[in-house]
$ cat start25.txt   # compact mmCIF, C-alpha atoms
# COMPACT_ATOMS: atom_id res chain seq x y z
CA MET P 1 -43.52 5.32 202.97
CA LEU P 2 -43.13 5.05 206.73
CA ASP P 3 -45.23 7.22 208.99
CA GLN P 4 -43.28 9.71 211.09
CA THR P 5 -43.50 7.83 214.38
CA LYS P 6 -42.39 4.57 212.84
CA LYS P 7 -39.59 6.36 211.03
CA GLN P 8 -38.39 7.91 214.30
CA ASP P 9 -38.46 4.57 216.11
CA LEU P 10 -36.66 2.86 213.27
CA TYR P 11 -33.98 5.55 213.08
CA GLN P 12 -33.40 5.55 216.83
CA SER P 13 -33.06 1.80 216.85
CA LEU P 14 -30.58 1.93 213.93
CA ALA P 15 -28.62 4.78 215.53
CA SER P 16 -28.28 2.95 218.82
CA GLN P 17 -27.28 -0.32 217.14
CA HIS P 18 -24.99 1.12 214.48
CA GLY P 19 -23.92 4.51 215.87
CA GLY P 20 -20.52 3.10 216.81
CA MET P 21 -20.01 1.68 213.33
CA ILE P 22 -20.94 5.03 211.79
CA ALA P 23 -18.47 6.87 214.05
CA ARG P 24 -15.67 4.42 213.19
CA LEU P 25 -16.49 4.62 209.51
CA ALA P 26 -16.32 8.42 209.57
CA ALA P 27 -12.98 8.20 211.39
CA ALA P 28 -11.67 5.81 208.73
CA TYR P 29 -12.60 8.19 205.92
CA GLU P 30 -11.71 11.54 207.45
CA LYS P 31 -8.66 12.41 209.56
CA ASN P 32 -9.64 15.97 210.37
CA ALA P 33 -11.66 16.01 213.59
CA ALA P 34 -14.14 18.73 212.61
CA ALA P 35 -14.69 17.29 209.12
CA ARG P 36 -15.07 13.85 210.70
CA GLN P 37 -17.88 15.11 212.91
CA ASP P 38 -19.58 16.65 209.88
CA LEU P 39 -19.21 13.41 207.94
CA GLU P 40 -20.68 11.41 210.81
CA GLN P 41 -23.64 13.78 211.01
CA ASP P 42 -24.06 13.60 207.24
CA ILE P 43 -24.29 9.83 207.42
CA HIS P 44 -27.01 10.13 210.05
CA LEU P 45 -28.79 12.75 207.97
CA HIS P 46 -28.76 10.61 204.81
CA LEU P 47 -29.82 7.55 206.80
CA TRP P 48 -32.72 9.50 208.28
CA ARG P 49 -33.81 10.81 204.90
CA SER P 50 -33.34 7.46 203.18
CA LEU P 51 -35.89 5.83 205.48
CA ASP P 52 -38.56 7.71 203.50
CA VAL P 53 -37.81 5.51 200.50
CA PHE P 54 -37.01 2.29 202.32
CA ALA P 55 -39.50 -0.35 201.20
CA GLY P 56 -37.76 -3.58 202.08
CA GLN P 57 -35.48 -3.57 199.01
CA CYS P 58 -32.93 -5.35 201.25
CA SER P 59 -32.51 -5.92 204.96
CA LEU P 60 -32.39 -2.80 207.10
CA ILE P 61 -28.85 -3.58 208.23
CA THR P 62 -27.68 -3.89 204.62
CA TRP P 63 -29.50 -0.63 203.85
CA THR P 64 -27.77 1.14 206.74
CA TYR P 65 -24.31 -0.04 205.75
CA ARG P 66 -24.94 0.90 202.11
CA VAL P 67 -26.08 4.40 203.01
CA ALA P 68 -23.12 4.90 205.35
CA HIS P 69 -20.55 3.65 202.84
CA ASN P 70 -22.14 5.54 199.95
CA VAL P 71 -22.00 8.82 201.89
CA CYS P 72 -18.34 8.16 202.70
CA ALA P 73 -17.58 7.24 199.08
CA GLN P 74 -19.10 10.53 197.96
CA HIS P 75 -17.03 12.32 200.61
CA VAL P 76 -13.84 10.67 199.40
CA GLY P 77 -14.79 11.38 195.78
CA GLN P 78 -13.59 14.95 196.15
CA ALA P 79 -10.27 13.80 197.53
CA MET P 80 -10.04 11.38 194.64
CA ARG P 81 -10.20 14.16 192.08
CA ARG P 82 -7.21 15.71 193.85
CA ARG P 83 -5.38 12.41 194.21
CA PRO P 84 -4.65 10.59 190.94
CA ALA P 85 -5.86 7.01 190.70
CA GLN P 86 -2.23 5.89 191.02
CA GLY P 87 -2.32 7.31 194.56
CA TRP P 88 -4.46 4.39 195.73
CA VAL P 89 -3.16 0.92 196.33
CA ASP P 90 -4.88 -2.41 195.80
CA ILE P 91 -5.06 -4.64 198.80
CA ASP P 92 -2.82 -7.17 197.06
CA GLN P 93 -0.13 -4.51 196.77
CA VAL P 94 0.20 -4.04 200.52
CA GLU P 95 3.31 -5.68 201.80
CA PRO P 96 3.58 -7.42 205.17
CA VAL P 97 6.08 -5.88 207.55
CA ASP P 98 9.60 -7.21 207.35
CA GLY P 99 10.33 -8.23 210.94
CA ARG P 100 14.05 -7.58 210.56
CA LEU P 101 13.80 -3.85 210.07
CA THR P 102 13.55 -2.23 213.50
CA PRO P 103 13.08 -3.45 217.04
CA GLU P 104 9.49 -2.29 216.99
CA GLU P 105 8.86 -3.99 213.70
CA ALA P 106 10.81 -7.01 214.76
CA THR P 107 8.42 -7.62 217.56
CA GLY P 108 6.35 -6.82 214.78
CA THR P 109 3.44 -7.68 215.55
CA ALA P 110 1.83 -4.89 217.42
CA LEU P 111 -1.14 -4.28 215.32
CA THR P 112 -1.69 -0.67 216.11
CA LEU P 113 -4.77 1.24 215.20
CA GLU P 114 -2.59 3.90 213.66
CA ARG P 115 -1.18 1.36 211.25
CA LEU P 116 -4.66 0.14 210.48
CA TYR P 117 -5.87 3.66 209.72
CA THR P 118 -2.83 4.31 207.52
CA LEU P 119 -3.55 1.15 205.54
CA ILE P 120 -7.23 1.99 205.17
CA ASP P 121 -6.47 5.52 204.03
CA ARG P 122 -4.32 4.25 201.18
CA LEU P 123 -6.69 1.61 199.89
CA ARG P 124 -8.93 2.02 196.90
CA PRO P 125 -12.51 2.72 197.97
CA ALA P 126 -13.76 -0.76 196.99
CA ASP P 127 -11.01 -2.48 198.99
CA ARG P 128 -11.46 -0.01 201.82
CA GLN P 129 -15.12 -0.93 202.09
CA VAL P 130 -14.34 -4.64 202.33
CA VAL P 131 -11.69 -4.08 205.02
CA LEU P 132 -14.03 -1.89 207.06
CA LEU P 133 -16.92 -4.32 206.76
CA TYR P 134 -14.63 -7.20 207.69
CA LEU P 135 -13.44 -5.29 210.77
CA GLU P 136 -17.08 -4.70 211.70
CA ASP P 137 -17.45 -8.48 211.68
CA ILE P 138 -19.80 -8.69 208.71
CA ASP P 139 -19.61 -12.12 207.09
CA ALA P 140 -18.60 -12.68 203.46
CA ALA P 141 -22.18 -13.05 202.21
CA GLY P 142 -23.14 -9.81 203.94
CA ILE P 143 -20.14 -7.98 202.47
CA ALA P 144 -21.08 -9.25 199.00
CA GLU P 145 -24.65 -8.02 199.43
CA ILE P 146 -23.62 -4.60 200.71
CA THR P 147 -20.86 -4.00 198.17
CA GLY P 148 -22.21 -5.88 195.16
CA LEU P 149 -18.84 -7.59 194.71
CA SER P 150 -18.91 -11.22 193.64
CA ALA P 151 -18.52 -13.86 196.34
CA GLY P 152 -15.16 -14.78 194.81
CA ALA P 153 -13.89 -11.20 194.88
CA VAL P 154 -14.94 -10.82 198.52
CA ALA P 155 -13.32 -14.14 199.47
CA THR P 156 -10.05 -13.15 197.79
CA ARG P 157 -9.97 -9.83 199.60
CA ILE P 158 -10.83 -11.33 202.97
CA HIS P 159 -8.09 -13.93 202.53
CA ARG P 160 -5.64 -11.11 201.84
CA ILE P 161 -6.88 -9.02 204.76
CA LYS P 162 -6.54 -11.93 207.17
CA ALA P 163 -2.99 -12.59 206.00
CA LEU P 164 -2.08 -8.94 206.40
CA LEU P 165 -3.65 -8.59 209.80
CA ALA P 166 -1.97 -11.75 211.02
CA GLN P 167 1.46 -10.57 209.97
CA GLY P 168 1.28 -6.85 210.59
CA PHE P 169 1.62 -4.76 207.49
CA LYS P 170 2.75 -1.61 205.88
CA ALA P 171 1.07 0.11 202.99
CA GLU P 172 3.66 -0.01 200.30
CA VAL P 173 3.32 -0.43 196.58
CA LEU P 174 5.50 -3.23 195.36
CA ALA P 175 7.97 -2.25 192.67
CA MET E 176 2.95 1.25 225.04
CA THR E 177 4.82 -2.06 225.12
CA PRO E 178 4.69 -3.88 221.83
CA THR E 179 2.71 -7.06 222.02
CA PRO E 180 4.37 -10.17 220.63
CA GLN E 181 2.71 -11.51 217.51
CA SER E 182 1.38 -14.57 219.21
CA GLN E 183 -0.45 -12.38 221.71
CA SER E 184 -1.70 -9.77 219.23
CA PRO E 185 -5.23 -8.69 219.98
CA ASP E 186 -7.91 -9.70 217.53
CA PRO E 187 -7.93 -6.84 214.99
CA LYS E 188 -11.71 -6.90 214.86
CA ASN E 189 -11.89 -6.37 218.62
CA LEU E 190 -9.20 -3.72 218.45
CA TRP E 191 -11.25 -1.95 215.79
CA LYS E 192 -14.62 -2.24 217.44
CA GLU E 193 -13.41 -1.38 220.93
CA GLN E 194 -11.88 1.95 219.98
CA ASP E 195 -12.44 4.71 222.48
CA MET E 196 -14.94 6.61 220.38
CA GLN E 197 -18.11 8.37 221.41
CA PRO E 198 -20.75 8.14 218.67
CA GLN E 199 -22.72 11.32 218.11
CA THR E 200 -26.35 11.17 219.01
CA MET E 201 -28.86 13.08 216.96
CA THR E 202 -32.54 13.33 217.69
CA PRO E 203 -35.10 13.09 214.88
CA GLN E 204 -35.86 16.78 215.50
CA MET E 205 -32.20 17.72 214.97
CA LEU E 206 -32.11 15.61 211.80
CA GLU E 207 -35.30 17.11 210.46
CA SER E 208 -33.95 20.58 211.11
CA ARG E 209 -30.60 19.76 209.44
CA SER E 210 -32.48 18.24 206.54
CA LEU E 211 -34.40 21.47 206.01
CA GLU E 212 -31.17 23.49 206.35
CA PHE E 213 -29.58 21.25 203.73
CA GLU E 214 -32.43 21.84 201.29
CA ASP E 215 -32.36 25.58 201.99
CA ARG E 216 -28.62 25.64 201.36
CA ILE E 217 -29.05 23.88 198.01
CA ARG E 218 -31.90 26.20 197.02
CA THR E 219 -29.91 29.31 197.99
CA ARG E 220 -26.83 28.09 196.14
CA ASN E 221 -28.84 27.33 193.01
CA LYS E 222 -30.57 30.68 193.19
CA ARG E 223 -27.27 32.53 193.66
CA GLU E 224 -25.66 30.73 190.70
CA TYR E 225 -28.65 31.39 188.46
CA VAL E 226 -28.78 35.06 189.46
CA ILE E 227 -25.04 35.56 188.84
CA GLY E 228 -25.27 33.64 185.56
CA SER E 229 -28.30 35.63 184.46
CA ILE E 230 -26.61 38.95 185.28
CA VAL E 231 -23.50 37.97 183.29
CA ALA E 232 -25.63 36.83 180.34
CA VAL E 233 -27.96 39.85 180.41
CA VAL E 234 -25.13 42.39 180.75
CA THR E 235 -23.17 40.76 177.90
CA VAL E 236 -26.21 40.55 175.62
CA ALA E 237 -27.16 44.14 176.50
CA PHE E 238 -23.64 45.32 175.72
CA GLY E 239 -23.73 43.55 172.36
CA THR E 240 -27.15 44.99 171.56
CA TRP E 241 -25.95 48.49 172.53
CA MET E 242 -22.99 48.07 170.18
CA LEU E 243 -25.25 47.03 167.34
CA LEU E 244 -27.61 49.94 167.86
CA SER E 245 -25.17 52.72 168.60
CA VAL E 246 -22.09 52.09 166.51
CA ALA E 247 -21.73 52.74 162.81
CA ALA E 248 -22.61 49.60 160.90
CA ALA E 249 -19.09 48.71 159.89
CA PRO E 250 -18.59 44.94 159.45
CA SER E 251 -16.25 44.78 162.44
CA SER E 252 -18.70 46.59 164.77
CA LEU E 253 -21.57 44.40 163.62
CA MET E 254 -19.50 41.28 164.22
CA THR E 255 -18.42 42.46 167.67
CA GLY E 256 -21.98 43.34 168.68
CA ILE E 257 -23.39 40.02 167.50
CA GLY E 258 -20.38 38.29 169.08
CA PHE E 259 -21.20 39.73 172.51
CA ILE E 260 -24.84 38.70 172.19
CA LEU E 261 -23.78 35.15 171.32
CA LEU E 262 -21.20 35.18 174.13
CA GLY E 263 -23.93 36.10 176.64
CA LEU E 264 -26.21 33.34 175.36
CA GLY E 265 -23.26 30.92 175.42
CA ALA E 266 -22.51 31.83 179.04
CA ALA E 267 -26.14 31.17 179.98
CA ALA E 268 -26.05 27.77 178.22
CA ALA E 269 -22.74 26.82 179.88
CA ILE E 270 -23.98 27.76 183.37
CA PHE E 271 -27.17 25.76 182.86
CA GLN E 272 -25.16 22.72 181.73
CA LEU E 273 -22.70 23.10 184.60
CA ARG E 274 -25.55 22.88 187.13
CA ARG E 275 -27.13 19.95 185.31
CA ARG E 276 -23.96 17.91 184.93
CA ALA E 277 -21.81 18.86 187.89
CA GLY E 278 -24.44 19.01 190.63
CA GLY E 279 -24.21 16.02 192.96
CA GLN E 280 -26.97 13.68 194.01
CA ALA E 281 -29.02 15.44 196.68
CA PHE E 282 -29.75 12.47 198.93
CA ILE E 283 -28.24 9.04 199.12
CA ASP E 284 -30.15 5.86 199.85
CA GLY E 285 -29.31 2.20 200.18
CA SER E 286 -31.18 0.82 197.19
CA SER E 287 -27.99 0.29 195.18
CA ASN E 288 -25.03 -1.67 196.41
CA THR E 289 -21.95 0.40 197.19
CA SER E 290 -19.97 -0.70 194.13
CA ALA E 291 -22.82 0.18 191.75
CA ALA E 292 -23.41 3.55 193.44
CA TYR E 293 -19.71 4.38 193.43
CA ARG E 294 -19.29 3.28 189.81
CA ALA E 295 -22.32 5.30 188.69
CA GLU E 296 -20.93 8.41 190.36
CA LEU E 297 -17.50 7.89 188.75
CA VAL E 298 -19.10 7.38 185.33
CA ARG E 299 -21.20 10.53 185.74
CA GLN E 300 -18.16 12.60 186.68
CA ARG E 301 -15.98 11.06 183.95
CA ASP E 302 -18.54 11.71 181.24
CA ALA E 303 -19.01 15.30 182.37
CA LEU E 304 -15.24 15.91 182.33
CA ARG E 305 -14.68 14.11 179.03
CA SER E 306 -17.39 16.06 177.22
CA ILE E 307 -16.45 19.45 178.66
CA PHE E 308 -15.63 20.82 175.22
CA SER E 309 -19.15 20.28 173.91
CA TRP E 310 -21.05 21.69 176.91
CA TYR E 311 -18.70 24.22 178.48
CA VAL E 312 -16.29 25.45 175.79
CA ALA E 313 -18.31 25.20 172.58
CA PRO E 314 -21.15 27.53 173.71
CA PHE E 315 -18.62 30.38 173.99
CA LEU E 316 -16.99 29.73 170.59
CA PRO E 317 -19.44 31.50 168.22
CA GLY E 318 -19.28 34.70 170.28
CA LEU E 319 -15.51 34.58 170.74
CA LEU E 320 -14.91 33.83 167.04
CA LEU E 321 -16.99 36.82 166.01
CA ILE E 322 -15.42 39.16 168.57
CA TYR E 323 -11.84 38.20 167.74
CA GLY E 324 -12.64 37.75 164.06
CA ALA E 325 -13.89 41.33 163.92
CA GLY E 326 -10.25 42.39 164.28
CA PHE E 327 -9.61 41.15 160.75
CA PHE E 328 -12.17 43.62 159.37
CA GLU E 329 -10.75 46.69 161.11
CA PRO E 330 -9.85 49.40 158.56
CA ASP E 331 -6.35 49.66 160.07
CA GLY E 332 -5.81 45.93 159.74
CA ILE E 333 -5.22 43.24 162.34
CA GLU E 334 -3.60 44.38 165.57
CA TRP E 335 -1.64 42.64 168.30
CA GLY E 336 -4.28 43.95 170.70
CA THR E 337 -6.69 41.51 169.06
CA LEU E 338 -4.29 38.67 168.34
CA ILE E 339 -2.74 38.37 171.80
CA PRO E 340 -6.05 38.03 173.73
CA GLY E 341 -7.21 35.64 171.00
CA PHE E 342 -4.15 33.43 171.43
CA LEU E 343 -4.49 33.55 175.22
CA THR E 344 -8.15 32.52 174.97
CA VAL E 345 -7.31 29.62 172.66
CA ALA E 346 -4.46 28.54 174.97
CA PHE E 347 -6.77 28.69 178.01
CA GLY E 348 -9.42 26.66 176.19
CA ILE E 349 -6.90 23.99 175.20
CA TRP E 350 -5.53 23.82 178.76
CA LEU E 351 -9.06 23.56 180.20
CA VAL E 352 -10.05 20.71 177.89
CA ARG E 353 -6.77 18.83 178.38
CA ALA E 354 -6.84 19.20 182.18
CA ASN E 355 -10.39 17.86 182.26
CA HIS E 356 -9.53 14.99 179.93
CA LYS E 357 -6.62 14.10 182.19
CA ALA E 358 -8.93 14.04 185.21
CA ALA E 359 -11.40 11.93 183.19
CA ASP E 360 -8.58 9.49 182.34
CA GLY E 361 -7.87 9.08 186.06
CA LEU E 362 -11.53 8.29 186.73
CA ASP E 363 -11.65 5.96 183.72
CA GLN E 364 -8.71 4.04 185.11
CA GLU E 365 -10.50 3.72 188.45
CA ILE E 366 -13.67 2.48 186.70
CA LYS E 367 -11.73 -0.12 184.70
CA GLY E 368 -10.01 -1.22 187.89
CA LEU E 369 -13.38 -1.57 189.62
CA ASP E 370 -14.70 -3.68 186.75
CA ALA E 371 -11.62 -5.86 186.68
CA ARG E 372 -11.53 -6.43 190.42
CA GLY E 373 -15.30 -6.87 190.94

$ encode --input "start25.txt" --output "structure tokens"
Amino acid sequence: MLDQTKKQDLYQSLASQHGGMIARLAAAYEKNAAARQDLEQDIHLHLWRSLDVFAGQCSLITWTYRVAHNVCAQHVGQAMRRRPAQGWVDIDQVEPVDGRLTPEEATGTALTLERLYTLIDRLRPADRQVVLLYLEDIDAAGIAEITGLSAGAVATRIHRIKALLAQGFKAEVLA
Amino acid sequence: MTPTPQSQSPDPKNLWKEQDMQPQTMTPQMLESRSLEFEDRIRTRNKREYVIGSIVAVVTVAFGTWMLLSVAAAPSSLMTGIGFILLGLGAAAAIFQLRRRAGGQAFIDGSSNTSAAYRAELVRQRDALRSIFSWYVAPFLPGLLLIYGAGFFEPDGIEWGTLIPGFLTVAFGIWLVRANHKAADGLDQEIKGLDARG
């Protein structure tokens, strides 16, 4: 177990390096501003507490991402009980935008943050984690270590994400 | 905002990471204080639930005991008295199980990967919902059966005043179990999906 001074230094270093990621993650999981602030603080709280049991089980970065995503998954767990499993979509069910539909979509191409958030909100938690880690620029091996998904499963998802992001997208379940 | 042509679309990773967002800063002192508040909140909640549960159980058992001691020992009165005692004990057992099974993990760490942690939480919730009959409904059954069954031993015969609440209780129990099984099915589907996609 870390002594208090070392724990404080470690936390402050993690918070300064990954505070932005934590804020973006909270925003991706919670639309309501007040609840988002609480979620962000909860992630910091769990990260702080978790340092008591950190003993080099994995790299500190992997540990931080795991704590952050696990707190968010628990947060979304309540929403999940309200939303039936059919309410989520798999990443391979998201359809690229049809450029013929509207002038905005025809230019189609404006990858807005709003669209990104809408997509993320509809994804199953496992897919959501991969998208968010990809957007944070974590490589495939890192995503596999954080999520526990096989390298093949991560590669397939990243391939799909890249295609979607390149084309613009809309979250729509295919018939 | 003017739409950007596809060929000039910004890199989505940059778009994501360069959002105008101010991360919250928390000092170790603030975190330590919140951590203590969190533990206090859990302790207070547990205490409140145990106190309420104990009051319900004690009052019900006391009522049943009073019935046994003060009412003529007709079979129906004996059954009702014993039924209330069992109902009180059943309520205590159900509240204890509810805390044990439905309480969430207090603190999260990074020792498990996110898929394993998420799956374990889904499995825990699914199993609790699926087995709700055995740990939440069944403890009340002996008491309820005796209380409603006592109506059959009344000298004036069975009355609607006994049958209707009995039917309503059975209907509520069936609805409770089915609603929880339906929720468990949803979680089961999510678990199977996780396994298939992992």

$ closest_residue --input "start25.txt" --among "P:His44, P:His69, P:Lys6, P:Lys162" --to "Ala126 in chain P" --atoms "all atoms listed in the file"
P:His69

$ closest_atom_pairs --input "start25.txt" --of "chain E" --to "chain P" --cutoff "8 Å" --atoms "only C-alpha atoms" --output "tab-separated table"
residue	atom	partner	partner_atom	distance
E:Pro178	CA	P:Ala110	CA	5.4
E:Thr179	CA	P:Ala110	CA	5.2
E:Pro180	CA	P:Thr107	CA	5.7
E:Gln181	CA	P:Thr109	CA	4.4
E:Ser184	CA	P:Ala110	CA	6.3
E:Pro185	CA	P:Leu111	CA	7.6
E:Pro187	CA	P:Leu165	CA	7.0
E:Lys188	CA	P:Leu135	CA	4.7
E:Leu190	CA	P:Leu113	CA	7.4
E:Trp191	CA	P:Leu135	CA	6.4
E:Lys192	CA	P:Glu136	CA	6.7
E:Met196	CA	P:Ala23	CA	7.3
E:Gln197	CA	P:Gly20	CA	7.4
E:Pro198	CA	P:Ala23	CA	5.3
E:Gln199	CA	P:Gly19	CA	7.3
E:Thr200	CA	P:Ala15	CA	7.6
E:Met201	CA	P:His44	CA	7.7
E:Thr202	CA	P:Gln12	CA	7.9
E:Pro203	CA	P:Gln8	CA	6.2
E:Leu206	CA	P:Leu45	CA	5.8
E:Arg209	CA	P:Leu45	CA	7.4
E:Ser210	CA	P:Leu45	CA	6.8
E:Phe282	CA	P:His46	CA	6.2
E:Ile283	CA	P:His46	CA	5.9
E:Asp284	CA	P:Ser50	CA	4.9
E:Gly285	CA	P:Trp63	CA	4.6
E:Ser286	CA	P:Gln57	CA	6.4
E:Ser287	CA	P:Arg66	CA	7.6
E:Asn288	CA	P:Thr147	CA	5.1
E:Thr289	CA	P:Thr147	CA	4.6
E:Ser290	CA	P:Thr147	CA	5.3
E:Ala291	CA	P:Gly148	CA	7.0
E:Ala292	CA	P:Asn70	CA	6.9
E:Tyr293	CA	P:Ala73	CA	6.7
E:Ala358	CA	P:Arg81	CA	7.0
E:Gly361	CA	P:Ala85	CA	5.5
E:Leu362	CA	P:Ala85	CA	7.0
E:Gln364	CA	P:Ala85	CA	6.9
E:Glu365	CA	P:Ala85	CA	6.1
E:Leu369	CA	P:Ala126	CA	7.4
E:Arg372	CA	P:Ala153	CA	6.9
E:Gly373	CA	P:Leu149	CA	5.2

$ write_last_selection --input "start25.txt" --atoms "C-alpha atoms" --output "PDB file, keeping the file's coordinate frame"
ATOM      1  CA  PRO E 178       4.690  -3.880 221.830  1.00  0.00           C
ATOM      2  CA  THR E 179       2.710  -7.060 222.020  1.00  0.00           C
ATOM      3  CA  PRO E 180       4.370 -10.170 220.630  1.00  0.00           C
ATOM      4  CA  GLN E 181       2.710 -11.510 217.510  1.00  0.00           C
ATOM      5  CA  SER E 184      -1.700  -9.770 219.230  1.00  0.00           C
ATOM      6  CA  PRO E 185      -5.230  -8.690 219.980  1.00  0.00           C
ATOM      7  CA  PRO E 187      -7.930  -6.840 214.990  1.00  0.00           C
ATOM      8  CA  LYS E 188     -11.710  -6.900 214.860  1.00  0.00           C
ATOM      9  CA  LEU E 190      -9.200  -3.720 218.450  1.00  0.00           C
ATOM     10  CA  TRP E 191     -11.250  -1.950 215.790  1.00  0.00           C
ATOM     11  CA  LYS E 192     -14.620  -2.240 217.440  1.00  0.00           C
ATOM     12  CA  MET E 196     -14.940   6.610 220.380  1.00  0.00           C
ATOM     13  CA  GLN E 197     -18.110   8.370 221.410  1.00  0.00           C
ATOM     14  CA  PRO E 198     -20.750   8.140 218.670  1.00  0.00           C
ATOM     15  CA  GLN E 199     -22.720  11.320 218.110  1.00  0.00           C
ATOM     16  CA  THR E 200     -26.350  11.170 219.010  1.00  0.00           C
ATOM     17  CA  MET E 201     -28.860  13.080 216.960  1.00  0.00           C
ATOM     18  CA  THR E 202     -32.540  13.330 217.690  1.00  0.00           C
ATOM     19  CA  PRO E 203     -35.100  13.090 214.880  1.00  0.00           C
ATOM     20  CA  LEU E 206     -32.110  15.610 211.800  1.00  0.00           C
ATOM     21  CA  ARG E 209     -30.600  19.760 209.440  1.00  0.00           C
ATOM     22  CA  SER E 210     -32.480  18.240 206.540  1.00  0.00           C
ATOM     23  CA  PHE E 282     -29.750  12.470 198.930  1.00  0.00           C
ATOM     24  CA  ILE E 283     -28.240   9.040 199.120  1.00  0.00           C
ATOM     25  CA  ASP E 284     -30.150   5.860 199.850  1.00  0.00           C
ATOM     26  CA  GLY E 285     -29.310   2.200 200.180  1.00  0.00           C
ATOM     27  CA  SER E 286     -31.180   0.820 197.190  1.00  0.00           C
ATOM     28  CA  SER E 287     -27.990   0.290 195.180  1.00  0.00           C
ATOM     29  CA  ASN E 288     -25.030  -1.670 196.410  1.00  0.00           C
ATOM     30  CA  THR E 289     -21.950   0.400 197.190  1.00  0.00           C
ATOM     31  CA  SER E 290     -19.970  -0.700 194.130  1.00  0.00           C
ATOM     32  CA  ALA E 291     -22.820   0.180 191.750  1.00  0.00           C
ATOM     33  CA  ALA E 292     -23.410   3.550 193.440  1.00  0.00           C
ATOM     34  CA  TYR E 293     -19.710   4.380 193.430  1.00  0.00           C
ATOM     35  CA  ALA E 358      -8.930  14.040 185.210  1.00  0.00           C
ATOM     36  CA  GLY E 361      -7.870   9.080 186.060  1.00  0.00           C
ATOM     37  CA  LEU E 362     -11.530   8.290 186.730  1.00  0.00           C
ATOM     38  CA  GLN E 364      -8.710   4.040 185.110  1.00  0.00           C
ATOM     39  CA  GLU E 365     -10.500   3.720 188.450  1.00  0.00           C
ATOM     40  CA  LEU E 369     -13.380  -1.570 189.620  1.00  0.00           C
ATOM     41  CA  ARG E 372     -11.530  -6.430 190.420  1.00  0.00           C
ATOM     42  CA  GLY E 373     -15.300  -6.870 190.940  1.00  0.00           C
TER      43      GLY E 373
END

$ atom_distance --input "start25.txt" --atom1 "CA of Ala249 in chain E" --atom2 "CA of Leu264 in chain E"
22.9 Å

$ closest_residue --input "start25.txt" --among "E:Ala295, E:Ala266, E:Phe213, E:His356" --to "Phe315 in chain E" --atoms "all atoms listed in the file"
E:Ala266

$ residues_around --input "start25.txt" --residues "Thr337 in chain E" --least-positions-apart "4" --cutoff "12 Å" --atoms "all atoms listed in the file" --output "ChimeraX atom specification"
/E:255,319-329,332-333,341-344

$ atom_distance --input "start25.txt" --atom1 "CA of Leu119 in chain P" --atom2 "CA of Leu25 in chain P"
14.0 Å

$ atom_distance --input "start25.txt" --atom1 "CA of Val76 in chain P" --atom2 "CA of Asp121 in chain P"
10.1 Å

$ closest_residue --input "start25.txt" --among "P:Leu2, P:Ala34, P:Leu39, P:Val131" --to "His159 in chain P" --atoms "only C-alpha atoms"
P:Val131

$ axis_aligned_box --input "start25.txt" --around "range 326-342 of chain E" --padding-each-side "5 Å" --output "AutoDock Vina command-line options"
--center_x -6.9 --center_y 41.5 --center_z 166.1 --size_x 20.5 --size_y 26.2 --size_z 25.2
